[in-house]
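Some notes on the structure that comes next.
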Amino acid sequence: MVLRRAVAECPKKVAGLVDLVNLPTALREFAGGRSQMSHLSFFLRVWSHIKEHNLQDPTNKNIVNCDEKLKTVLLGRSQVQLLELPMIVKLHFPKVPKS
């Protein structure tokens with residue numbers, strides 16, 4: 001529902017989230033060997049990895065304790081705030097200049 005409304009209001013912004021991008025080698029390993037993935041699907045894969053491996057801090061759910069696999073994506077940091085996750089993942093998906 002939210003995605004439909006976003007597409008109607010700002011289609012260019014949503015296109016940047018769902019367009020396929022070639023992944024760097026470090027991200028390919030995390031993405032299960034896939035060479036292309038959208039920004040949104042990669043972020044969802046990061047989030048599902050956090051949930052599957054119970055990486056949220058039990059006392060403060062706003063903190064993610066990174067395992068070795070997640071550290072490769074999150075710039076080698078051992079702990080990350082939940083609010084920082086989208087920003088850090090976005091660093092791996094630079095904007096493509098329009099021709």
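Labels for the structure tokens follow display order: chains A, B, ..., residues from 1 in each chain, ligands from 1.
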DSSP alpha helix (DSSP H) residues within segment 4-84 of chain A, listed as number ranges by chain
A: 4-9, 11-18, 25-30, 39-52, 68-73
Which residues are close to Ile63 of chain A, i.e. within 10 Å by only C-alpha atoms, leaving aside same-chain residues fewer than 4 positions away? Reply as a list in words.
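Those residues are Leu55, Gln56, Asp57, Pro58, Thr59, Gln79, Val80, Gln81, Leu82, Leu83 and Glu84 of chain A.
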Quick one: write out the picked residues with C-alpha atoms as a short mmCIF file (atom, residue, chain, number, x, y, z; two decimals), in the first residue's frame?
```cif
data_model
loop_
_atom_site.label_atom_id
_atom_site.label_comp_id
_atom_site.auth_asym_id
_atom_site.auth_seq_id
_atom_site.Cartn_x
_atom_site.Cartn_y
_atom_site.Cartn_z
CA LEU A 55 21.44 -9.89 16.06
CA GLN A 56 19.38 -7.20 17.77
CA ASP A 57 20.65 -6.39 21.24
CA PRO A 58 18.24 -8.03 23.74
CA THR A 59 18.36 -5.07 26.13
CA GLN A 79 27.44 -2.39 16.47
CA VAL A 80 25.05 -0.26 14.44
CA GLN A 81 21.98 1.77 15.41
CA LEU A 82 18.82 0.74 13.54
CA LEU A 83 18.44 4.29 12.27
CA GLU A 84 21.88 4.06 10.62
#
```
Set the distance at 12 Å and use only C-alpha atoms: which residues neighbour Val89 of chain A once local chain neighbours fewer than 4 positions away are removed? I'd like the list as a count of residues only.
26
Provide the atom CA of Lys69 of chain A to atom CA of Glu29 of chain A distance in Å, to one decimal place.
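One can read the atom CA of Lys69 of chain A to atom CA of Glu29 of chain A distance as 8.8 Å.
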